[in-house]
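input-v5.cif, holding mmCIF, C-alpha atoms:
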data_entry
#
loop_
_atom_site.label_atom_id
_atom_site.label_comp_id
_atom_site.auth_asym_id
_atom_site.auth_seq_id
_atom_site.Cartn_x
_atom_site.Cartn_y
_atom_site.Cartn_z
CA MET A 1 2.77 8.86 -51.26
CA ASN A 2 2.07 12.43 -50.20
CA GLN A 3 -1.17 11.25 -48.57
CA VAL A 4 0.74 8.64 -46.53
CA LEU A 5 3.30 11.23 -45.43
CA LEU A 6 0.58 13.70 -44.47
CA GLU A 7 -1.32 11.05 -42.47
CA THR A 8 1.89 10.05 -40.73
CA VAL A 9 2.59 13.64 -39.69
CA ILE A 10 -0.99 14.51 -38.73
CA PHE A 11 -2.10 11.24 -37.13
CA SER A 12 0.60 8.64 -36.50
CA ILE A 13 3.28 10.80 -34.88
CA PRO A 14 0.96 12.73 -32.51
CA GLU A 15 -0.78 9.44 -31.64
CA ALA A 16 2.58 7.80 -30.92
CA LEU A 17 3.61 10.76 -28.76
CA VAL A 18 0.42 10.60 -26.71
CA VAL A 19 0.67 6.81 -26.24
CA LEU A 20 4.30 7.18 -25.16
CA PHE A 21 3.35 10.00 -22.81
CA LEU A 22 0.67 7.72 -21.33
CA ALA A 23 3.19 4.89 -20.95
CA THR A 24 5.81 7.07 -19.24
CA SER A 25 3.10 8.49 -16.97
CA ILE A 26 2.09 4.96 -15.97
CA LEU A 27 5.76 4.17 -15.32
CA GLY A 28 6.01 7.25 -13.11
CA ARG A 29 9.23 8.36 -14.76
CA LYS A 30 10.25 11.79 -15.95
CA TYR A 31 11.88 12.09 -19.35
CA LYS A 32 13.21 15.09 -21.17
CA TRP A 33 10.74 16.31 -23.77
CA THR A 34 13.37 15.79 -26.45
CA SER A 35 13.73 12.11 -25.50
CA LEU A 36 9.96 11.67 -25.59
CA ILE A 37 9.76 13.30 -29.02
CA ALA A 38 12.60 11.13 -30.33
CA MET A 39 10.88 7.96 -29.12
CA GLY A 40 7.54 9.25 -30.46
CA LEU A 41 9.08 9.85 -33.88
CA ILE A 42 10.49 6.34 -34.06
CA PHE A 43 7.20 4.78 -32.97
CA GLY A 44 5.11 7.17 -35.09
CA VAL A 45 7.05 6.56 -38.30
CA THR A 46 6.96 2.77 -37.94
CA SER A 47 3.21 2.70 -37.14
CA PRO A 48 1.97 3.20 -40.78
CA LEU A 49 4.44 0.55 -41.91
CA ILE A 50 3.12 -1.92 -39.34
CA ARG A 51 -0.43 -1.06 -40.36
CA TYR A 52 0.40 -1.68 -44.02
CA LEU A 53 2.22 -4.96 -43.37
CA THR A 54 -0.31 -6.54 -40.98
CA GLY A 55 -3.48 -5.67 -42.89
CA SER A 56 -5.83 -6.35 -39.97
CA TYR A 57 -6.82 -4.41 -36.88
CA VAL A 58 -6.06 -7.15 -34.33
CA LEU A 59 -2.64 -7.99 -35.77
CA ASN A 60 -1.87 -4.28 -36.10
CA ILE A 61 -2.60 -3.72 -32.41
CA GLY A 62 -0.52 -6.74 -31.42
CA VAL A 63 2.54 -5.74 -33.44
CA SER A 64 2.23 -2.04 -32.51
CA SER A 65 2.13 -3.00 -28.83
CA LEU A 66 5.30 -5.04 -29.28
CA MET A 67 6.91 -2.09 -31.04
CA LEU A 68 5.95 0.26 -28.20
CA ILE A 69 7.35 -2.19 -25.65
CA ALA A 70 10.60 -2.38 -27.62
CA VAL A 71 10.87 1.43 -27.77
CA LEU A 72 10.27 1.71 -24.03
CA LYS A 73 12.80 -1.01 -23.31
CA LEU A 74 15.56 0.06 -25.67
CA PHE A 75 15.25 3.84 -25.80
CA GLY A 76 13.48 4.46 -22.48
CA ARG A 77 15.94 2.29 -20.57
CA ASN A 78 13.24 0.48 -18.59
CA ASN A 79 13.30 -3.15 -17.49
CA VAL A 80 11.24 -5.72 -19.40
CA VAL A 81 8.40 -6.06 -16.89
CA ASP A 82 7.95 -2.29 -16.60
CA SER A 83 8.08 -1.84 -20.37
CA VAL A 84 5.53 -4.60 -21.05
CA THR A 85 3.15 -3.44 -18.32
CA ALA A 86 3.29 0.25 -19.24
CA GLY A 87 3.14 -0.48 -22.98
CA LEU A 88 0.10 -2.76 -22.76
CA MET A 89 -1.74 -0.45 -20.36
CA ALA A 90 -1.02 2.66 -22.43
CA VAL A 91 -2.29 1.02 -25.64
CA SER A 92 -5.31 -0.32 -23.79
CA ILE A 93 -6.21 3.12 -22.34
CA TYR A 94 -5.67 4.87 -25.66
CA LEU A 95 -7.82 2.36 -27.56
CA SER A 96 -10.64 2.61 -25.03
CA VAL A 97 -10.55 6.42 -25.35
CA GLU A 98 -10.58 6.04 -29.16
CA TYR A 99 -13.54 3.67 -29.02
CA LEU A 100 -15.53 5.99 -26.76
CA ASN A 101 -14.65 8.99 -28.90
CA VAL A 102 -15.74 7.42 -32.19
CA LYS A 103 -18.92 6.01 -30.65
CA THR A 104 -19.83 9.33 -29.01
CA LEU A 105 -19.22 11.32 -32.21
CA GLN A 106 -21.26 8.80 -34.18
CA VAL A 107 -24.16 9.11 -31.72
CA LEU A 108 -23.94 12.92 -31.58
CA THR A 109 -23.47 13.64 -35.30
CA GLY A 110 -25.18 10.58 -36.76
CA ILE A 111 -22.42 10.31 -39.38
CA ASP A 112 -21.16 6.89 -40.37
CA PRO A 113 -17.55 6.48 -39.11
CA ILE A 114 -16.44 5.16 -42.52
CA VAL A 115 -17.75 8.35 -44.15
CA MET A 116 -16.16 10.41 -41.40
CA GLY A 117 -12.82 8.69 -42.03
CA GLN A 118 -12.85 9.56 -45.71
CA SER A 119 -12.67 13.29 -45.09
CA LEU A 120 -9.22 14.27 -43.78
CA SER A 121 -10.45 17.44 -42.03
CA MET A 122 -13.30 15.63 -40.26
CA ARG A 123 -11.00 12.81 -39.31
CA ALA A 124 -8.49 15.32 -37.93
CA LEU A 125 -11.22 16.97 -35.82
CA TRP A 126 -12.43 13.63 -34.45
CA PHE A 127 -8.82 12.64 -33.82
CA LEU A 128 -8.08 15.89 -31.97
CA SER A 129 -10.69 15.25 -29.29
CA GLN A 130 -9.37 11.76 -28.48
CA LEU A 131 -5.83 13.13 -28.42
CA MET A 132 -6.84 15.78 -25.90
CA VAL A 133 -8.71 13.33 -23.68
CA ALA A 134 -5.80 10.84 -23.73
CA THR A 135 -3.31 13.63 -22.91
CA GLY A 136 -5.53 14.80 -20.05
CA LEU A 137 -5.69 11.25 -18.72
CA ALA A 138 -1.91 10.97 -18.99
CA PHE A 139 -1.51 14.15 -16.92
CA ILE A 140 -3.92 12.81 -14.28
CA ILE A 141 -2.05 9.49 -14.13
CA ARG A 142 1.24 11.40 -13.97
CA HIS A 143 -0.05 13.43 -11.02
CA PHE A 144 -0.69 10.23 -9.05
CA THR A 145 2.40 8.30 -10.09
CA ILE A 146 4.92 11.13 -9.81
CA GLY A 147 3.39 13.96 -7.76
CA GLN A 148 2.04 11.72 -5.01
CA LEU A 149 5.12 9.52 -4.71
CA PRO A 150 8.08 11.68 -3.64
CA HIS A 151 10.38 8.67 -3.17
CA ALA A 152 9.71 7.41 -6.65
CA GLN A 153 10.28 10.88 -8.02
CA SER A 154 13.67 11.31 -6.42
CA SER A 155 15.01 7.82 -7.00
CA ARG A 156 13.68 7.06 -10.44
CA ASP A 157 14.10 10.30 -12.36
CA VAL A 158 15.78 9.68 -15.64
CA ARG A 159 17.60 12.19 -17.77
CA LEU A 160 18.47 10.85 -21.20
CA MET B 1 11.39 -17.47 -15.70
CA MET B 2 9.83 -14.79 -13.52
CA LYS B 3 9.40 -15.75 -9.89
CA ASN B 4 7.54 -12.70 -8.64
CA VAL B 5 3.85 -13.52 -8.57
CA HIS B 6 2.91 -9.84 -8.39
CA HIS B 7 4.73 -9.13 -11.66
CA ILE B 8 2.91 -12.01 -13.33
CA ALA B 9 -0.43 -10.76 -11.98
CA ILE B 10 0.25 -7.21 -13.21
CA LEU B 11 1.26 -8.40 -16.69
CA PHE B 12 -1.74 -10.69 -16.77
CA LEU B 13 -4.09 -7.83 -15.89
CA ALA B 14 -2.52 -5.50 -18.46
CA PHE B 15 -2.78 -8.15 -21.17
CA GLN B 16 -6.42 -8.83 -20.29
CA SER B 17 -7.25 -5.11 -20.48
CA LEU B 18 -5.65 -4.85 -23.91
CA LEU B 19 -7.46 -7.97 -25.13
CA ILE B 20 -10.86 -6.67 -23.98
CA VAL B 21 -10.36 -3.28 -25.65
CA THR B 22 -9.01 -4.87 -28.84
CA LEU B 23 -11.99 -7.22 -29.00
CA ALA B 24 -14.47 -4.39 -28.40
CA ASN B 25 -12.87 -2.19 -31.07
CA ASN B 26 -12.55 -5.05 -33.52
CA ASN B 27 -16.23 -5.99 -33.13
CA TYR B 28 -17.18 -2.37 -33.74
CA MET B 29 -15.04 -2.24 -36.90
CA LYS B 30 -16.39 -5.59 -38.06
CA VAL B 31 -19.85 -4.02 -38.42
CA TYR B 32 -18.37 -1.67 -41.02
CA SER B 33 -16.02 -4.34 -42.47
CA PHE B 34 -13.16 -1.92 -41.77
CA PHE B 35 -9.56 -3.10 -41.48
CA GLN B 36 -10.51 -6.78 -41.00
CA ILE B 37 -8.59 -9.96 -41.60
CA SER B 38 -9.87 -12.14 -44.46
CA ASN B 39 -10.17 -15.29 -42.34
CA GLN B 40 -12.52 -14.19 -39.54
CA ASP B 41 -13.14 -17.75 -38.32
CA LEU B 42 -9.45 -18.29 -37.68
CA LEU B 43 -9.22 -15.01 -35.79
CA GLU B 44 -12.25 -15.82 -33.62
CA SER B 45 -10.90 -19.32 -32.87
CA MET B 46 -7.60 -17.76 -31.89
CA PHE B 47 -9.33 -15.33 -29.55
CA GLY B 48 -11.35 -18.19 -28.06
CA PHE B 49 -8.17 -20.17 -27.43
CA ILE B 50 -6.44 -17.16 -25.83
CA ILE B 51 -9.45 -16.52 -23.58
CA VAL B 52 -9.52 -20.16 -22.41
CA CYS B 53 -5.78 -20.01 -21.70
CA LEU B 54 -6.21 -16.76 -19.77
CA ASN B 55 -8.98 -18.27 -17.65
CA VAL B 56 -6.80 -21.26 -16.78
CA VAL B 57 -3.84 -19.00 -15.94
CA ALA B 58 -6.18 -16.78 -13.88
CA VAL B 59 -6.87 -19.69 -11.51
CA VAL B 60 -3.13 -20.19 -10.95
CA VAL B 61 -2.45 -16.46 -10.53
CA VAL B 62 -5.32 -16.01 -8.04
CA ASN B 63 -4.11 -19.02 -6.07
CA LYS B 64 -0.54 -17.72 -5.97
CA LEU B 65 -1.71 -14.22 -4.96
CA TYR B 66 -3.83 -15.68 -2.15
CA HIS B 67 -0.89 -17.63 -0.74
CA SER B 68 1.40 -14.64 -1.20
CA GLY B 69 -1.05 -12.53 0.84
CA LEU B 70 -1.06 -15.14 3.61
CA GLU B 71 2.74 -15.23 3.63
CA ALA B 72 2.90 -11.42 3.82
CA GLN B 73 0.55 -11.47 6.82
CA GLN B 74 2.65 -14.17 8.47
CA SER B 75 5.85 -12.20 7.86
CA LYS B 76 4.36 -9.13 9.57
CA ILE B 77 3.55 -11.22 12.65
CA THR B 78 7.01 -12.80 12.55
CA ALA B 79 8.57 -9.32 12.32
CA LEU B 80 6.59 -8.30 15.41
CA LYS B 81 7.85 -11.35 17.30
CA TYR B 82 11.40 -10.69 16.10
CA ASP B 83 11.21 -7.09 17.36
CA ASN B 84 10.24 -8.42 20.75
CA LEU B 85 13.09 -10.93 20.74
CA VAL B 86 15.51 -8.11 19.97
CA GLU B 87 14.04 -6.08 22.83
CA GLN B 88 14.28 -9.04 25.22
CA ASN B 89 17.86 -9.67 24.12
CA ARG B 90 18.71 -6.03 24.73
CA ILE B 91 17.28 -6.25 28.27
CA TYR B 92 19.15 -9.48 29.09
CA ARG B 93 22.40 -8.04 27.74
CA GLN B 94 21.87 -4.99 29.90
CA TYR B 95 21.41 -7.18 33.01
CA HIS B 96 24.42 -9.24 32.08
CA HIS B 97 26.48 -6.08 31.77
CA ASP B 98 25.19 -4.86 35.15
CA LEU B 99 25.92 -8.19 36.83
CA LYS B 100 29.64 -7.52 37.15
CA ASN B 101 28.96 -4.20 38.89
CA HIS B 102 26.44 -5.84 41.22
CA LEU B 103 28.89 -8.62 42.15
CA THR B 104 31.57 -6.00 42.89
CA VAL B 105 29.15 -4.24 45.27
CA VAL B 106 28.19 -7.57 46.89
CA LEU B 107 31.85 -8.48 47.38
CA GLY B 108 32.55 -5.03 48.80
CA LEU B 109 29.67 -5.25 51.30
CA LEU B 110 30.77 -8.79 52.30
CA THR B 111 34.36 -7.68 52.80
CA LEU B 112 33.21 -4.82 54.98
CA GLY B 113 30.88 -7.15 56.93
CA LYS B 114 27.82 -5.02 56.22
CA TYR B 115 25.38 -7.94 56.15
CA SER B 116 22.25 -5.88 56.71
CA GLU B 117 23.04 -3.57 53.76
CA LEU B 118 23.97 -6.63 51.70
CA LYS B 119 20.59 -8.23 52.46
CA ASP B 120 18.75 -5.04 51.43
CA TYR B 121 20.84 -4.75 48.31
CA LEU B 122 20.18 -8.35 47.23
CA ASN B 123 16.44 -8.02 47.98
CA SER B 124 16.29 -4.89 45.86
CA TYR B 125 18.18 -6.60 43.04
CA LEU B 126 15.92 -9.68 43.14
CA GLN B 127 12.86 -7.44 43.05
CA THR B 128 14.21 -5.75 39.92
CA LEU B 129 14.85 -9.14 38.30
CA ASN B 130 11.32 -10.33 39.15
CA ASP B 131 9.82 -7.19 37.63
CA SER B 132 11.71 -7.71 34.41
CA LEU B 133 10.53 -11.30 34.11
CA LEU B 134 6.88 -10.31 34.42
CA LYS B 135 4.61 -12.83 32.69
CA ILE B 136 1.55 -11.44 30.94
CA GLU B 137 -1.18 -13.73 29.64
CA THR B 138 -3.95 -12.05 27.69
CA GLY B 139 -4.69 -15.12 25.57
CA LEU B 140 -2.89 -13.67 22.55
CA ASP B 141 0.90 -14.01 22.17
CA GLU B 142 1.17 -10.83 20.10
CA ILE B 143 -0.63 -8.71 22.72
CA ASP B 144 1.49 -10.31 25.50
CA ILE B 145 4.60 -9.27 23.57
CA LEU B 146 3.25 -5.77 23.00
CA LEU B 147 2.34 -5.28 26.67
CA ALA B 148 5.68 -6.70 27.87
CA SER B 149 7.52 -4.35 25.53
CA LYS B 150 5.50 -1.31 26.69
CA PHE B 151 6.01 -2.33 30.34
CA HIS B 152 9.76 -2.34 29.86
CA LEU B 153 9.54 1.04 28.15
CA ALA B 154 7.43 2.39 31.04
CA LYS B 155 9.86 0.96 33.57
CA SER B 156 12.81 2.62 31.87
CA GLN B 157 10.93 5.94 32.05
CA GLU B 158 9.89 5.32 35.68
CA ILE B 159 6.21 5.20 34.78
CA LYS B 160 3.98 3.01 36.96
CA VAL B 161 1.62 0.76 35.02
CA ASP B 162 -1.49 -0.72 36.59
CA LEU B 163 -2.66 -3.73 34.54
CA ASN B 164 -6.07 -5.26 35.15
CA LEU B 165 -6.84 -8.27 32.94
CA GLN B 166 -10.38 -9.53 33.49
CA THR B 167 -10.71 -11.53 30.31
CA SER B 168 -8.87 -13.81 27.96
CA LEU B 169 -8.81 -12.45 24.43
CA LYS B 170 -9.54 -14.34 21.25
CA CYS B 171 -8.69 -12.91 17.86
CA SER B 172 -8.39 -14.33 14.36
CA ARG B 173 -5.05 -14.18 12.51
CA LYS B 174 -6.30 -11.65 9.99
CA HIS B 175 -7.25 -9.08 12.66
CA ILE B 176 -4.34 -9.50 15.06
CA LEU B 177 -2.19 -6.80 13.43
CA ASP B 178 -5.06 -4.30 13.62
CA LEU B 179 -5.53 -5.07 17.32
CA VAL B 180 -1.78 -4.69 17.97
CA ALA B 181 -1.80 -1.36 16.09
CA ILE B 182 -4.85 -0.11 18.07
CA LEU B 183 -3.48 -1.00 21.51
CA GLY B 184 0.09 -0.01 20.57
CA ASN B 185 -0.99 3.48 19.53
CA VAL B 186 -3.15 4.07 22.62
CA LEU B 187 -0.40 2.83 24.95
CA ASP B 188 2.22 4.95 23.19
CA ASN B 189 -0.04 8.00 23.60
CA ALA B 190 -0.59 7.30 27.30
CA LEU B 191 3.12 6.73 28.03
CA ASP B 192 4.02 9.82 26.02
CA ALA B 193 1.47 11.93 27.89
CA VAL B 194 2.76 11.19 31.41
CA GLN B 195 6.45 11.39 30.54
CA ASP B 196 6.81 15.05 31.62
CA PHE B 197 4.94 14.63 34.93
CA ASP B 198 6.41 14.33 38.43
CA GLN B 199 7.25 10.73 39.22
CA SER B 200 4.30 10.43 41.65
CA LYS B 201 1.84 11.26 38.86
CA ARG B 202 3.38 8.98 36.25
CA LEU B 203 0.70 6.32 36.18
CA VAL B 204 -1.00 4.53 33.31
CA SER B 205 -3.92 2.17 33.97
CA ILE B 206 -4.81 -0.59 31.55
CA CYS B 207 -7.98 -2.62 31.86
CA PHE B 208 -9.15 -5.41 29.53
CA ARG B 209 -12.64 -6.75 30.18
CA GLN B 210 -15.61 -8.12 28.28
CA ASP B 211 -19.37 -8.08 28.22
CA PRO B 212 -21.46 -10.71 26.41
CA LEU B 213 -21.00 -8.97 23.07
CA GLU B 214 -17.80 -6.96 23.20
CA TYR B 215 -14.21 -6.75 24.35
CA ILE B 216 -13.61 -3.49 26.21
CA PHE B 217 -10.11 -2.01 26.40
CA GLN B 218 -9.64 0.98 28.70
CA ILE B 219 -6.41 2.94 29.00
CA THR B 220 -6.23 5.84 31.45
CA ASN B 221 -3.59 8.44 32.20
CA PRO B 222 -3.59 11.73 34.17
CA LEU B 223 -4.03 14.99 32.25
CA CYS B 224 -1.68 17.94 32.57
CA SER B 225 -4.21 20.51 31.38
CA ALA B 226 -7.94 20.51 30.84
CA GLY B 227 -9.21 19.97 27.33
CA PRO B 228 -12.67 19.33 25.87
CA ALA B 229 -14.35 16.81 28.23
CA GLN B 230 -15.99 14.40 25.83
CA SER B 231 -15.51 15.00 22.19
CA ASP B 232 -14.63 13.54 18.82
CA PHE B 233 -12.17 16.45 18.71
CA TYR B 234 -9.36 14.19 20.01
CA LEU B 235 -10.02 11.63 17.28
CA GLU B 236 -9.66 14.04 14.38
CA GLU B 237 -6.69 13.57 12.06
CA GLY B 238 -3.81 15.86 13.03
CA PHE B 239 -5.08 16.77 16.51
CA SER B 240 -2.26 16.73 19.03
CA THR B 241 -1.17 18.53 22.15
CA LYS B 242 2.45 17.71 21.22
CA GLY B 243 2.89 20.08 18.31
CA GLU B 244 2.81 19.86 14.54
CA SER B 245 3.28 16.67 12.50
CA ARG B 246 1.72 14.65 15.32
CA GLY B 247 -1.80 13.54 16.11
CA GLN B 248 -2.05 10.51 13.85
CA GLY B 249 -2.20 7.92 16.68
CA LEU B 250 -5.79 8.31 17.88
CA PHE B 251 -7.03 8.90 14.34
CA ILE B 252 -5.50 5.57 13.30
CA VAL B 253 -7.03 3.93 16.40
CA LYS B 254 -10.47 5.25 15.42
CA ARG B 255 -10.09 4.11 11.81
CA LEU B 256 -8.90 0.60 12.71
CA THR B 257 -11.50 0.16 15.46
CA GLU B 258 -14.30 1.16 13.11
CA LYS B 259 -12.90 -1.26 10.54
CA LEU B 260 -13.46 -4.02 13.12
CA GLY B 261 -17.02 -2.75 13.75
CA GLY B 262 -16.14 -1.16 17.10
CA SER B 263 -16.09 2.32 18.59
CA VAL B 264 -13.73 4.61 20.51
CA ALA B 265 -14.88 6.90 23.32
CA ILE B 266 -12.76 9.50 25.08
CA ASP B 267 -13.49 10.98 28.49
CA ALA B 268 -11.29 13.79 29.78
CA SER B 269 -13.68 15.15 32.40
CA ASP B 270 -12.10 14.36 35.80
CA GLY B 271 -8.44 15.16 35.36
CA TYR B 272 -7.83 11.86 33.59
CA PHE B 273 -7.67 11.03 29.92
CA ARG B 274 -9.62 7.80 29.51
CA VAL B 275 -9.75 6.01 26.15
CA THR B 276 -12.37 3.26 25.96
CA ILE B 277 -12.30 0.98 22.94
CA GLU B 278 -15.18 -1.40 22.40
CA ILE B 279 -14.78 -4.06 19.73
CA PRO B 280 -17.49 -6.66 19.02
CA LYS B 281 -16.22 -10.20 19.73
CA HIS B 282 -17.49 -11.42 16.39
CA GLY B 283 -15.52 -8.61 14.69
CA LEU B 284 -12.25 -9.85 16.21
CA GLU B 285 -12.89 -13.57 16.18
CA GLU B 286 -14.38 -14.09 12.72
#
Mind turning the file's structure into structure tokens?
Amino acid sequence: MNQVLLETVIFSIPEALVVLFLATSILGRKYKWTSLIAMGLIFGVTSPLIRYLTGSYVLNIGVSSLMLIAVLKLFGRNNVVDSVTAGLMAVSIYLSVEYLNVKTLQVLTGIDPIVMGQSLSMRALWFLSQLMVATGLAFIIRHFTIGQLPHAQSSRDVRL
Amino acid sequence: MMKNVHHIAILFLAFQSLLIVTLANNNYMKVYSFFQISNQDLLESMFGFIIVCLNVVAVVVVNKLYHSGLEAQQSKITALKYDNLVEQNRIYRQYHHDLKNHLTVVLGLLTLGKYSELKDYLNSYLQTLNDSLLKIETGLDEIDILLASKFHLAKSQEIKVDLNLQTSLKCSRKHILDLVAILGNVLDNALDAVQDFDQSKRLVSICFRQDPLEYIFQITNPLCSAGPAQSDFYLEEGFSTKGESRGQGLFIVKRLTEKLGGSVAIDASDGYFRVTIEIPKHGLEE
């Protein structure tokens, strides 16, 4: 039980926050940090549950994407099309970063990813790099969707 | 059901991206038998079915996007024609408004028996009417509209325009807006440049001609002060003699002309600012 809680705090919640940050960056909307954290907590806490219930990677991704879309729609106050588009694109970008990260670390270190996953500290280190890259990407996307579009910035700012 | 084809296309693209990444990740994990479903065959069949469905939907989405693009192009041309109609309507309303005043003058001159003055007055009025009903035929309706609109603008600013059409233009639908933008910008620049001159120097010359390979458009106006004689300097983004936040016109002209495979040359050597635009016929007509 403690292991599950620890993994939720170390991995699921930060991952959920980054994916949500990516999604809001794609949407080009500004949220208060507190709103983002609240949405991240909801999504992050439900992620391990979804993972446990689905039992397979593909189903897990499908249900998690639906969950993210629901969070964006209900708590982010976006319309359905925007929520679906941003949710799917954010998950897609995050997964591609994750894939590249694992593959690169495997090539560089020569360690089997299953072995790497068994050690919590190694897994946290490998996870940190993908988190940083995804956050960097989110900031870049944010620069183009918010910084470069003054009209969007003024008319679509949201304060929750 | 959603009607907006662009929304459908965006959702479709986002879903495809997610599917590709999920498949790639899942294949990678399958090698290590990590987090996999027990019935792999069912999963692969499901993916196969989804991919076939996506391919079928892709044909519909591409078709809809293509037609939507054509409609958008058509609406831009319609908007251009509508603008001209509004301009024409404004001119006719202005003449209609003036008519009452003219009739009052005519009646006054008749009452006073000043037939000679009346004759001069009516001749002058008819001349004005003839000028306003000037018919331009370049071969392209959109360019006719543009030139007519600029002529009326020039007339209202007391600028004389010398038009020399030596060719009939041909241009495909997809390039017509670019050609309108090119000529519109150059004409605006020329009319803008002579606005502050004495009335005798307010002259803009327009010449459309062709050689076997190209259409050549030349627009000339007098210069108020000497600048670099022949240079790309004028075509740089932001260059303007009219102050800050200007200077986009000729840069846009250069960009659009090059897009059509043509070139822009500027000659400011003899007290005149002469813009020569050469566009290959195949670039406009294809």
Target residues per the PyMOL selection byres ((chain A and resi 27) around 12), formatted as JSON, numbers by chain: {"A": [20, 21, 22, 23, 24, 25, 26, 28, 29, 30, 31, 72, 73, 76, 77, 78, 79, 81, 82, 83, 84, 85, 86, 87, 88, 89, 90, 138, 141, 142, 143, 144, 145, 146, 149, 152, 153, 156, 157, 158]}
Can you write just those residues out, C-alpha atoms, as a PDB file, in the coordinates of the input?
ATOM      1  CA  LEU A  20       4.300   7.180 -25.160  1.00  0.00           C
ATOM      2  CA  PHE A  21       3.350  10.000 -22.810  1.00  0.00           C
ATOM      3  CA  LEU A  22       0.670   7.720 -21.330  1.00  0.00           C
ATOM      4  CA  ALA A  23       3.190   4.890 -20.950  1.00  0.00           C
ATOM      5  CA  THR A  24       5.810   7.070 -19.240  1.00  0.00           C
ATOM      6  CA  SER A  25       3.100   8.490 -16.970  1.00  0.00           C
ATOM      7  CA  ILE A  26       2.090   4.960 -15.970  1.00  0.00           C
ATOM      8  CA  GLY A  28       6.010   7.250 -13.110  1.00  0.00           C
ATOM      9  CA  ARG A  29       9.230   8.360 -14.760  1.00  0.00           C
ATOM     10  CA  LYS A  30      10.250  11.790 -15.950  1.00  0.00           C
ATOM     11  CA  TYR A  31      11.880  12.090 -19.350  1.00  0.00           C
ATOM     12  CA  LEU A  72      10.270   1.710 -24.030  1.00  0.00           C
ATOM     13  CA  LYS A  73      12.800  -1.010 -23.310  1.00  0.00           C
ATOM     14  CA  GLY A  76      13.480   4.460 -22.480  1.00  0.00           C
ATOM     15  CA  ARG A  77      15.940   2.290 -20.570  1.00  0.00           C
ATOM     16  CA  ASN A  78      13.240   0.480 -18.590  1.00  0.00           C
ATOM     17  CA  ASN A  79      13.300  -3.150 -17.490  1.00  0.00           C
ATOM     18  CA  VAL A  81       8.400  -6.060 -16.890  1.00  0.00           C
ATOM     19  CA  ASP A  82       7.950  -2.290 -16.600  1.00  0.00           C
ATOM     20  CA  SER A  83       8.080  -1.840 -20.370  1.00  0.00           C
ATOM     21  CA  VAL A  84       5.530  -4.600 -21.050  1.00  0.00           C
ATOM     22  CA  THR A  85       3.150  -3.440 -18.320  1.00  0.00           C
ATOM     23  CA  ALA A  86       3.290   0.250 -19.240  1.00  0.00           C
ATOM     24  CA  GLY A  87       3.140  -0.480 -22.980  1.00  0.00           C
ATOM     25  CA  LEU A  88       0.100  -2.760 -22.760  1.00  0.00           C
ATOM     26  CA  MET A  89      -1.740  -0.450 -20.360  1.00  0.00           C
ATOM     27  CA  ALA A  90      -1.020   2.660 -22.430  1.00  0.00           C
ATOM     28  CA  ALA A 138      -1.910  10.970 -18.990  1.00  0.00           C
ATOM     29  CA  ILE A 141      -2.050   9.490 -14.130  1.00  0.00           C
ATOM     30  CA  ARG A 142       1.240  11.400 -13.970  1.00  0.00           C
ATOM     31  CA  HIS A 143      -0.050  13.430 -11.020  1.00  0.00           C
ATOM     32  CA  PHE A 144      -0.690  10.230  -9.050  1.00  0.00           C
ATOM     33  CA  THR A 145       2.400   8.300 -10.090  1.00  0.00           C
ATOM     34  CA  ILE A 146       4.920  11.130  -9.810  1.00  0.00           C
ATOM     35  CA  LEU A 149       5.120   9.520  -4.710  1.00  0.00           C
ATOM     36  CA  ALA A 152       9.710   7.410  -6.650  1.00  0.00           C
ATOM     37  CA  GLN A 153      10.280  10.880  -8.020  1.00  0.00           C
ATOM     38  CA  ARG A 156      13.680   7.060 -10.440  1.00  0.00           C
ATOM     39  CA  ASP A 157      14.100  10.300 -12.360  1.00  0.00           C
ATOM     40  CA  VAL A 158      15.780   9.680 -15.640  1.00  0.00           C
TER      41      VAL A 158
END
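Residue nearest B:Ser149 within the list B:Val62, B:Ala14, B:Leu187, B:Val31: B:Leu187 [criterion: smallest interatomic distance, only C-alpha atoms].
Using only C-alpha atoms, the nearest neighbour of chain B within the list A:Thr135, A:Ser56, A:Gln130, A:Ser65 is A:Ser56.
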Test item: residues at most 10 Å from A:Gly55, only C-alpha atoms, excluding those fewer than 3 positions along its chain, as a PyMOL selection string: (chain A and resi 50-52+58-60) or (chain B and resi 35-38)
Within 9 Å of chain A: residues of chain B, using all atoms listed in the file, as a PyMOL selection string: chain B and resi 7-8+10-15+17-26+28-29+32+34-38+43
Selection near B:Ser200, 10 Å with all atoms listed in the file, sequence-local residues under 4 positions removed, as a count of residues only: 3
Long-range neighbours of A:Met116 as a PyMOL selection string, 12 Å cut-off, all atoms listed in the file, 3 positions minimum in chain: chain A and resi 102-103+105-106+109-113+119-127
Proximity to B:Val52 - best of B:Arg255, B:Gln16, B:Tyr66, B:Asp120, only C-alpha atoms: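 Of all the options, B:Gln16 lies closest to B:Val52.
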Within 9 Å of B:Cys171 using all atoms listed in the file, minus same-chain residues under 4 positions, as an NGL selection string: :B and (139-140 or 175-176 or 179 or 281 or 283-286)
Expected selection from the PyMOL selection byres ((chain A and resi 47-49) around 9), given as a list in words: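 Expected selection for the PyMOL selection byres ((chain A and resi 47-49) around 9) here is Val4, Glu7, Thr8, Ser12, Ile13, Ala16, Ile42, Phe43, Gly44, Val45, Thr46, Ile50, Arg51, Tyr52, Leu53, Thr54, Asn60, Ser64 and Met67 of chain A.
The spacing separating atom CA of B:Ile266 from atom CA of B:Phe197 amounts to 20.9 Å.
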Point-to-point distance in Å for atom CA of B:Leu169 and atom CA of B:Val264: 18.2 Å
Atomic separation - atom CA of B:Ile252 relative to atom CA of B:Ala72, Å: 21.2 Å
